[in-house]
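The next block is final30.cif, given as mmCIF, N, CA, C and O atoms.
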data_structure
#
loop_
_atom_site.label_atom_id
_atom_site.label_comp_id
_atom_site.auth_asym_id
_atom_site.auth_seq_id
_atom_site.Cartn_x
_atom_site.Cartn_y
_atom_site.Cartn_z
N MET M 5 -3.02 33.94 38.41
CA MET M 5 -2.79 33.65 37.01
C MET M 5 -1.38 33.14 36.81
O MET M 5 -0.46 33.49 37.53
N LYS M 6 -1.22 32.39 35.79
CA LYS M 6 0.04 31.75 35.51
C LYS M 6 1.09 32.74 35.01
O LYS M 6 2.27 32.61 35.34
N TYR M 7 0.68 33.73 34.26
CA TYR M 7 1.63 34.64 33.62
C TYR M 7 1.81 35.95 34.37
O TYR M 7 2.48 36.84 33.89
N SER M 8 1.26 36.10 35.54
CA SER M 8 1.33 37.38 36.22
C SER M 8 2.76 37.76 36.61
O SER M 8 3.13 38.93 36.55
N LYS M 9 3.59 36.80 36.97
CA LYS M 9 4.97 37.11 37.35
C LYS M 9 5.89 37.17 36.14
O LYS M 9 6.86 37.92 36.12
N ASP M 10 5.59 36.35 35.12
CA ASP M 10 6.46 36.30 33.95
C ASP M 10 6.33 37.55 33.08
O ASP M 10 7.32 38.08 32.59
N VAL M 11 5.12 38.02 32.87
CA VAL M 11 4.86 39.10 31.93
C VAL M 11 4.87 40.46 32.61
O VAL M 11 5.30 41.44 32.03
N GLY M 12 4.41 40.52 33.83
CA GLY M 12 4.34 41.80 34.53
C GLY M 12 2.99 42.46 34.32
O GLY M 12 1.96 41.82 34.37
N ILE M 13 3.01 43.79 34.05
CA ILE M 13 1.75 44.52 33.94
C ILE M 13 1.22 44.57 32.52
O ILE M 13 0.18 45.18 32.27
N ASN M 14 1.90 43.93 31.58
CA ASN M 14 1.46 43.95 30.19
C ASN M 14 0.29 42.98 30.04
O ASN M 14 0.45 41.81 29.71
N TRP M 15 -0.91 43.48 30.26
CA TRP M 15 -2.10 42.63 30.26
C TRP M 15 -2.43 42.12 28.86
O TRP M 15 -2.94 41.02 28.70
N HIS M 16 -2.11 42.90 27.83
CA HIS M 16 -2.42 42.48 26.47
C HIS M 16 -1.59 41.25 26.09
O HIS M 16 -2.12 40.27 25.54
N LEU M 17 -0.31 41.25 26.42
CA LEU M 17 0.54 40.09 26.15
C LEU M 17 0.10 38.89 26.98
O LEU M 17 0.09 37.76 26.49
N ARG M 18 -0.28 39.13 28.22
CA ARG M 18 -0.74 38.06 29.09
C ARG M 18 -1.96 37.37 28.50
O ARG M 18 -2.03 36.14 28.44
N PHE M 19 -2.91 38.15 28.02
CA PHE M 19 -4.12 37.57 27.42
C PHE M 19 -3.81 36.87 26.10
O PHE M 19 -4.40 35.83 25.80
N ARG M 20 -2.89 37.39 25.33
CA ARG M 20 -2.50 36.71 24.09
C ARG M 20 -1.87 35.36 24.37
O ARG M 20 -2.12 34.37 23.67
N LEU M 21 -1.05 35.26 25.43
CA LEU M 21 -0.44 33.99 25.81
C LEU M 21 -1.49 32.99 26.29
O LEU M 21 -1.43 31.80 25.96
N ILE M 22 -2.46 33.47 27.04
CA ILE M 22 -3.55 32.60 27.51
C ILE M 22 -4.38 32.11 26.33
O ILE M 22 -4.71 30.93 26.24
N ILE M 23 -4.69 32.99 25.40
CA ILE M 23 -5.46 32.61 24.21
C ILE M 23 -4.69 31.60 23.37
O ILE M 23 -5.25 30.63 22.87
N GLN M 24 -3.39 31.79 23.23
CA GLN M 24 -2.56 30.86 22.46
C GLN M 24 -2.58 29.47 23.11
O GLN M 24 -2.70 28.46 22.43
N GLU M 25 -2.46 29.44 24.42
CA GLU M 25 -2.46 28.17 25.14
C GLU M 25 -3.80 27.45 24.98
O GLU M 25 -3.85 26.24 24.72
N LEU M 26 -4.89 28.19 25.11
CA LEU M 26 -6.22 27.59 24.96
C LEU M 26 -6.48 27.14 23.53
O LEU M 26 -7.14 26.11 23.30
N THR M 27 -5.96 27.87 22.55
CA THR M 27 -6.12 27.49 21.15
C THR M 27 -5.40 26.18 20.86
O THR M 27 -5.95 25.30 20.18
N GLU M 28 -4.20 26.02 21.40
CA GLU M 28 -3.46 24.77 21.21
C GLU M 28 -4.19 23.60 21.86
O GLU M 28 -4.26 22.50 21.30
N GLU M 29 -4.76 23.83 23.05
CA GLU M 29 -5.51 22.78 23.73
C GLU M 29 -6.76 22.40 22.92
O GLU M 29 -7.10 21.22 22.81
N LEU M 30 -7.43 23.40 22.34
CA LEU M 30 -8.60 23.14 21.52
C LEU M 30 -8.24 22.33 20.28
O LEU M 30 -8.97 21.40 19.92
N GLU M 31 -7.14 22.64 19.64
CA GLU M 31 -6.71 21.90 18.46
C GLU M 31 -6.46 20.43 18.79
O GLU M 31 -6.87 19.54 18.05
N LEU M 32 -5.79 20.17 19.91
CA LEU M 32 -5.54 18.78 20.32
C LEU M 32 -6.85 18.05 20.61
O LEU M 32 -7.02 16.89 20.22
N THR M 33 -7.78 18.72 21.25
CA THR M 33 -9.07 18.11 21.56
C THR M 33 -9.83 17.80 20.28
O THR M 33 -10.46 16.73 20.17
N GLN M 34 -9.78 18.69 19.30
CA GLN M 34 -10.47 18.45 18.03
C GLN M 34 -9.84 17.29 17.28
O GLN M 34 -10.55 16.50 16.65
N ILE M 35 -8.53 17.14 17.35
CA ILE M 35 -7.86 16.02 16.70
C ILE M 35 -8.32 14.70 17.33
O ILE M 35 -8.64 13.74 16.63
N HIS M 36 -8.37 14.66 18.67
CA HIS M 36 -8.82 13.45 19.36
C HIS M 36 -10.28 13.15 19.03
O HIS M 36 -10.65 11.97 18.86
N LEU M 37 -11.10 14.18 18.92
CA LEU M 37 -12.51 13.99 18.58
C LEU M 37 -12.66 13.43 17.17
O LEU M 37 -13.46 12.51 16.94
N ASN M 38 -11.90 13.95 16.21
CA ASN M 38 -11.97 13.45 14.84
C ASN M 38 -11.55 11.99 14.76
O ASN M 38 -12.17 11.20 14.03
N ILE M 39 -10.52 11.62 15.50
CA ILE M 39 -10.08 10.22 15.51
C ILE M 39 -11.17 9.33 16.09
O ILE M 39 -11.48 8.26 15.54
N ALA M 40 -11.79 9.76 17.18
CA ALA M 40 -12.85 8.97 17.80
C ALA M 40 -14.06 8.85 16.88
O ALA M 40 -14.68 7.78 16.79
N GLU M 41 -14.41 9.93 16.18
CA GLU M 41 -15.55 9.88 15.25
C GLU M 41 -15.27 8.93 14.10
O GLU M 41 -16.16 8.19 13.67
N ARG M 42 -14.04 8.91 13.58
CA ARG M 42 -13.70 7.99 12.49
C ARG M 42 -13.78 6.54 12.95
O ARG M 42 -14.26 5.67 12.22
N LYS M 43 -13.30 6.27 14.18
CA LYS M 43 -13.39 4.91 14.70
C LYS M 43 -14.84 4.48 14.89
O LYS M 43 -15.21 3.35 14.59
N LEU M 44 -15.67 5.39 15.38
CA LEU M 44 -17.08 5.09 15.58
C LEU M 44 -17.78 4.85 14.25
O LEU M 44 -18.56 3.90 14.11
N LYS M 45 -17.48 5.66 13.27
CA LYS M 45 -18.09 5.51 11.95
C LYS M 45 -17.70 4.17 11.32
O LYS M 45 -18.51 3.53 10.65
N LYS M 46 -16.47 3.73 11.57
CA LYS M 46 -16.01 2.46 11.04
C LYS M 46 -16.86 1.31 11.57
O LYS M 46 -17.21 0.40 10.83
N TYR M 47 -17.23 1.36 12.84
CA TYR M 47 -17.98 0.28 13.44
C TYR M 47 -19.48 0.43 13.30
O TYR M 47 -20.22 -0.48 13.62
N GLU M 48 -19.96 1.57 12.82
CA GLU M 48 -21.39 1.75 12.62
C GLU M 48 -21.77 1.61 11.15
O GLU M 48 -22.81 2.10 10.73
N ASP M 49 -20.97 0.92 10.40
CA ASP M 49 -21.23 0.73 8.99
C ASP M 49 -22.54 -0.05 8.80
O ASP M 49 -22.90 -0.89 9.61
N ASP M 50 -23.28 0.26 7.74
CA ASP M 50 -24.57 -0.37 7.51
C ASP M 50 -24.47 -1.89 7.33
O ASP M 50 -25.42 -2.62 7.62
N ASN M 51 -23.37 -2.37 6.82
CA ASN M 51 -23.22 -3.80 6.60
C ASN M 51 -23.04 -4.58 7.89
O ASN M 51 -23.28 -5.78 7.93
N ILE M 52 -22.64 -3.93 8.95
CA ILE M 52 -22.40 -4.60 10.22
C ILE M 52 -23.59 -4.45 11.15
O ILE M 52 -23.94 -5.36 11.88
N ARG M 53 -24.25 -3.32 11.11
CA ARG M 53 -25.33 -3.01 12.04
C ARG M 53 -26.53 -3.93 11.81
O ARG M 53 -26.94 -4.18 10.69
N ALA M 54 -27.12 -4.41 12.87
CA ALA M 54 -28.29 -5.29 12.77
C ALA M 54 -29.55 -4.46 12.54
O ALA M 54 -29.63 -3.28 12.90
N THR M 55 -30.56 -5.08 11.95
CA THR M 55 -31.84 -4.40 11.74
C THR M 55 -32.63 -4.39 13.03
O THR M 55 -32.20 -4.92 14.06
N ARG M 56 -33.83 -3.86 13.00
CA ARG M 56 -34.64 -3.76 14.21
C ARG M 56 -35.05 -5.12 14.76
O ARG M 56 -35.21 -5.29 15.95
N LYS M 57 -35.22 -6.10 13.90
CA LYS M 57 -35.65 -7.42 14.34
C LYS M 57 -34.48 -8.28 14.81
O LYS M 57 -34.66 -9.41 15.18
N GLY M 58 -33.28 -7.73 14.79
CA GLY M 58 -32.12 -8.46 15.25
C GLY M 58 -31.43 -9.27 14.17
O GLY M 58 -30.50 -10.00 14.44
N LYS M 59 -31.92 -9.19 12.94
CA LYS M 59 -31.31 -9.93 11.85
C LYS M 59 -30.35 -9.01 11.10
O LYS M 59 -30.59 -7.82 10.98
N LYS M 60 -29.31 -9.59 10.58
CA LYS M 60 -28.36 -8.80 9.81
C LYS M 60 -28.91 -8.58 8.41
O LYS M 60 -29.63 -9.41 7.86
N LYS M 61 -28.57 -7.44 7.86
CA LYS M 61 -29.02 -7.12 6.50
C LYS M 61 -28.30 -7.98 5.48
O LYS M 61 -27.13 -8.31 5.64
N LYS M 62 -29.02 -8.34 4.45
CA LYS M 62 -28.42 -9.13 3.39
C LYS M 62 -27.81 -8.18 2.37
O LYS M 62 -28.41 -7.18 2.00
N ILE M 63 -26.65 -8.54 1.91
CA ILE M 63 -25.96 -7.73 0.90
C ILE M 63 -26.15 -8.41 -0.45
O ILE M 63 -25.78 -9.57 -0.64
N GLU M 64 -26.79 -7.70 -1.35
CA GLU M 64 -27.01 -8.26 -2.68
C GLU M 64 -25.95 -7.73 -3.62
O GLU M 64 -25.76 -6.52 -3.74
N LYS M 65 -25.27 -8.63 -4.28
CA LYS M 65 -24.25 -8.22 -5.24
C LYS M 65 -24.90 -8.08 -6.63
O LYS M 65 -25.77 -8.85 -6.99
N ASN M 66 -24.49 -7.07 -7.32
CA ASN M 66 -24.99 -6.87 -8.68
C ASN M 66 -24.40 -7.91 -9.61
O ASN M 66 -23.19 -8.09 -9.68
N ARG M 67 -25.28 -8.57 -10.31
CA ARG M 67 -24.81 -9.58 -11.28
C ARG M 67 -24.83 -8.93 -12.65
O ARG M 67 -25.86 -8.65 -13.19
N GLY M 68 -23.68 -8.69 -13.18
CA GLY M 68 -23.64 -7.96 -14.41
C GLY M 68 -23.08 -8.65 -15.52
O GLY M 68 -22.89 -9.28 -16.34
#
Would you put the structure from the file into structure tokens?
Amino acid sequence: MKYSKDVGINWHLRFRLIIQELTEELELTQIHLNIAERKLKKYEDDNIRATRKGKKKKIEKNRG
């Protein structure tokens, strides 16, 4: 273990340090995932995506 020499026999502190490290890693991974999901959503917009027959959807503007 990484903290066995630094902390000594205090197992509770050792586990808290490991949990803190893993929590920080999880937060960074979630941030990267959110960024990737936003980029994917941007490119999967209905106006860009083709229909099943390969034709693009027509956008009708409201004439008011």
Computed interatomic separation between atom O of Leu21 of chain M and atom C of Leu37 of chain M (Å) = 23.3 Å
task = Have a look at atom O of Gln34 of chain M and atom N of Lys46 of chain M and let me know their distance in Å, one decimal.
result =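 Between atom O of Gln34 of chain M and atom N of Lys46 of chain M the gap works out to 15.0 Å.
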Exercise on segment 41-46 of chain M, axis-aligned box with 3 Å per side, report centre and edge lengths in Å to one decimal, as JSON:
{"center_x": -15.9, "center_y": 5.2, "center_z": 13.4, "size_x": 11.3, "size_y": 15.5, "size_z": 11.5}
inquiry  = Could you tell me how far atom N of Glu28 of chain M sits from atom N of Lys45 of chain M, in Å to one decimal place?
reply    =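 Computing it gives 25.6 Å between the two atoms.
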